[in-house]
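Let me begin by presenting the structure, written as structure tokens, before commenting on it.
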Amino acid sequence: MSKVDRDLVDRDLAVRLVAAAARRVHDHQEMLSQLDAVAGDGDHGVNMSTALGEADRRSGKCDHVTAAEVFKAAGSAFHDTVGGAAGALFGAFFRAMGGGLGRSAEPGPADLVAGLEKGVARVTRVGRSEPGQKTMLDAMAPAVSAARTTREAGGTLASVLRSAAEAARDGAGATAAMRPSAGRARYASDRSLGTEDPGANTVALIFEAWADEISGGKHG
Amino acid sequence: MSKVDRDLVDRDLAVRLVAAAARRVHDHQEMLSQLDAVAGDGDHGVNMSTALGEADRRSGKCDHVTAAEVFKAAGSAFHDTVGGAAGALFGAFFRAMGGGLGRSAEPGPADLVAGLEKGVARVTRVGRSEPGQKTMLDAMAPAVSAARTTREAGGTLASVLRSAAEAARDGAGATAAMRPSAGRARYASDRSLGTEDPGANTVALIFEAWADEISGGKHG
Amino acid sequence: MSIRYRRFLNDPSRAVAEMLEGYVAAHADLISLQDGMVVRAVPKPAGRVGLVIGNGSGHEPAMIGWVGEGLFDVNVAGPIFSSPGPSAILTGIKAADRGGGVLLLVSSHAGDIMNADLAMADAEDEGIRVEMVVLYDDIASAPKDQITERRGGAGLFFVWKMVGAAAERGDSLEECAAVARRARDRSRSLSAAIGTVAHPVSGQPLGDPDDPALSVGMGVHGEPGTRLGEDVEADQIAEHMICRLIDDAELSDGDQVALLLNNAGSVTLMELSVLYRGAVSALEKRGIEVVRSWIGPYATTLDMAGFAFAICHLDEELPALYDRPARGAGFTMIGR
Amino acid sequence: MSIRYRRFLNDPSRAVAEMLEGYVAAHADLISLQDGMVVRAVPKPAGRVGLVIGNGSGHEPAMIGWVGEGLFDVNVAGPIFSSPGPSAILTGIKAADRGGGVLLLVSSHAGDIMNADLAMADAEDEGIRVEMVVLYDDIASAPKDQITERRGGAGLFFVWKMVGAAAERGDSLEECAAVARRARDRSRSLSAAIGTVAHPVSGQPLGDPDDPALSVGMGVHGEPGTRLGEDVEADQIAEHMICRLIDDAELSDGDQVALLLNNAGSVTLMELSVLYRGAVSALEKRGIEVVRSWIGPYATTLDMAGFAFAICHLDEELPALYDRPARGAGFTMIGR
Ligand SMILES: Nc1ncnc2c1ncn2[C@@H]1O[C@H](COP(=O)(O)OP(=O)(O)O)[C@@H](O)[C@H]1O
Ligand SMILES: Nc1ncnc2c1ncn2[C@@H]1O[C@H](COP(=O)(O)OP(=O)(O)O)[C@@H](O)[C@H]1O
Ligand SMILES: [Mg+2]
Ligand SMILES: [Mg+2]
Ligand SMILES: [Mg+2]
Ligand SMILES: [Mg+2]
């Protein structure tokens, strides 16, 4: 694949990204549920795996002609199949991301970054939350700003996603030391000290899956 | 005390017999409940101790002038304080025993035997049961017929009650090998094999307490 | 398996008395306490038949919740798992007597029958007209040819509901007794449970708390039953139990039944609903129509993880009684 | 302590769907299933305000038992312990719309609010008039100066009952929302439990099954609370909990309250009655009068050995709404 081809976020790439995310989260669903069991209700892994599985099934459908449509359909899959906090938020994230991407006819890395930023903004609004509260935002926000920085420095799609993945993983790791102040886990804030936030881990897994997918699956 | 005095079943003796039975059963109530727990509901000891405790409290009352009244009052104490199978049956036993005794102005051993026989008959009727079904009747019936035999051979009150106590104890022992066919325990008939019937044990304890009381408390 | 030893009580030996106080206080519009018995807040009109039941406690809402319009007039609650004595039952008979005679409805347990018998004899001595009907429905407790040896179970709620309606509308003592016998003879029940419960006063478990098997036909006091495999699913349990009930009741294609699913204590409504679904399908695939349904706690055994199915084979007359209004603290039917 | 892993289910992942089928079959006169939601068998008259609630399952009879006359129009039951997603809630809003607007009543849990929010935005896009009132009452979940951070608890049944009555009698959308807010602001609850429960699908216990302490303020999903000593008696528990409720609600001598005692699962009616008695005495000795009472399972957490007290500080208008008739599969009020 030429560099230009690779850097076009077209329908097929979007389908591959959704599939990669679904596989990765599916493979880690037990770990995610166990993280959620510490101070939450232990269903996060099942929720995410179910929703992404459905997103994967839907994203290949013929009536999606753009990457934007694929991501929107993925978001709707979350909203149609699971509820809970993360279902609402990831659903909102993917739908907004699709919306952000949709403005460009031939979306490239900059459009992807714009889409991601729309996604984070939507999560912040729907979740009435901000980074620092031990949630998915603590992985999502740094990931998206790393993506912007890398892009602004002229990075390729691969490097944009790789830097996002690294920032997401660092962000997820940092949640271990935080006390939750949003979501169900805040009612058990002591219990979760020392444990990473499940939603932040899902974010890290998704960006890692995307970075690996774009760079030819050489990782994970 | 002269032999004649001792052989009169007067009010004071009846009060002493009720008190002796109450003490003896109270001291063995845990064992009785444990026996009942094997195939019944584990309350027999508490039931009997409660009822006899109340019988004891009532039997000294001034308005009882005859032994018959004391035994009837003891029976009513069972009916007023506890329910369950044994409450009904021991209540009926004591009330009928008082009734049987009541016909004689100066009741002696023969009147006592007559009273006991009325008691057994009433238990048989109220319980719709007969010896051989692993119940209190397996101690009560042999006890009462031993009492009659001893009395017919000219025995004293002491020897009458001693022979009744021994027969009751043997009868209770023999229930271990029986399968229950009356009472709650019949629904768990296998479970109770090898264990003596709780109600039969109460009968043995009462007759033993009486025999000891009449012979000057030298046993137990 | 599941057993809870710690209870939310004060002195356990006062639990029954305090329960009655609390329950009646919570339902003062419907019931009140009189000589330690639960009685209707508003008595039945004079001349009607009075309905009385004495039973051991620990089975709530049975029967404290079944006193009220269209239900019982008096419930004499005994100690935990133990019938009240004849004196208490006699007091209950007197309180229920509105001049139309009193019907004692006794669930067939040795102690309950004996104590009721003794009370009835005393009541007759005092000139009160009393009838007693002994009720049994639990098919696991004796074979069909010894049907009168069977215990009372969840099927009795059909009987109680229908006799309550008959007495309320003014049926005579004989008619009420006849309704009781007819409803009884058309009702069957079968129970199942895993694990057991601890007696609140003695702390003793009834039965083996570590037995992981499902026991079908277990009695309301933990008396043992037939053991089913550990992995059996809800539909299989329902199928097994409903089959036994159909056989015993000799139901066939085209028959109409009322179906009751009793929660013996701690079964969730989720499980009850799934079991109920299985039971309906077991009945329907044999052409038996479920035309009336009850699901919930009727007679519990404290917090037993168990349940019972009961069926009543309806005839032409019973549904009219089934559908009349009833209003107790533990059971309300608006009526059709 | 007490935990039961074995459940009377078929494939646990189908438990919610099968529960809905079974429950609706048992109550076909009152409710039916439509697109997987529980709806009234007989819809409300046109022009009335529709009431919708979406909630996680595992809390039955909440809210499947609260659909019916004088109660909800539609209940959207999500997976166990998890809110349904926005699409399902949107379908519920449409089904409840009788032309008078739809009121979404949301128990304050992060997921429930977000999903309702998203559904409401979609409904507005489709031209349906929707209002949402977020309900909270659990005083243990946040301090009073962050009252909107509190979770929904057993006190919400007061709100639901009263809004249900308002909508049924024809109050407008704004009026219904105002009733909801007024009843919410006058209601408080506090829960307690020992041990925990196992999630039917994952088998995971929520919290520590071996912890023998009584935890006060535990959430409906096993979220931890304040631990009380092991030997504390029912009266002390009731006194402690009622005191905290009185303080938070700023009740004083002469006030009138409705008192609710919720069974979170496997607490016996004997224990509930004893606890209720303790609560009444704690209120009465402070001059607070209990004028309406509810006792029983409202919102359970499967078979949790826990309970909650809730109070509603009544004013002049609320009792009239409280007393109007209601008829759901899990809650019936004949009305005064
Ligand atoms: N208000 C919020 N803002 C951002 N993220 C949130 C918020 N509430 C919850 N989350 C995220 O959702 C995750 C939990 O998701 P999940 O377990 O699937 O839902 P639920 O908590 O409803 O069971 C948390 O780990 C956290 O990352
Ligand atoms: N029908 C009967 N005839 C004679 N004795 C009986 C009968 N039923 C029960 N019993 C006696 O009662 C005893 C049980 O008494 P108890 O435990 O106090 O009452 P319950 O069985 O009601 O709990 C049995 O051990 C047996 O001796
Ligand atoms: Mg979760
Ligand atoms: Mg016993
Ligand atoms: Mg007993
Ligand atoms: Mg959840």
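By convention in this document, the chains of the structure tokens carry letters A, B, ... by their order, each chain's residues are numbered from 1, and ligands are numbered from 1 in the order they are shown.
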**OP:** Give as a ChimeraX atom specification every residue of chain C that touches chain D within 7 Å, counting only C-alpha atoms.
**Re:** /C:1-4,8-10,18-19,21-23,26,60-61,233-235,265-271,273-274,276-277,293-294,302-303
**OP:** Kindly provide, as an MDAnalysis selection string, the residues of chain A having any atom no farther than 12 Å from an atom of chain D, counting only C-alpha atoms.
**Re:** chainID A and resid 29:30 33:34 36:47 50:51 75:92 95 122:129 181:192
Subject >> All residues 7 Å or closer to B:Ala68, only C-alpha atoms, same chain fewer than 3 positions away omitted, as a count of residues only >> reply: 6
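Coordinates place atom CA of A:Ala121 at a distance of 23.4 Å from atom CA of A:Thr156.
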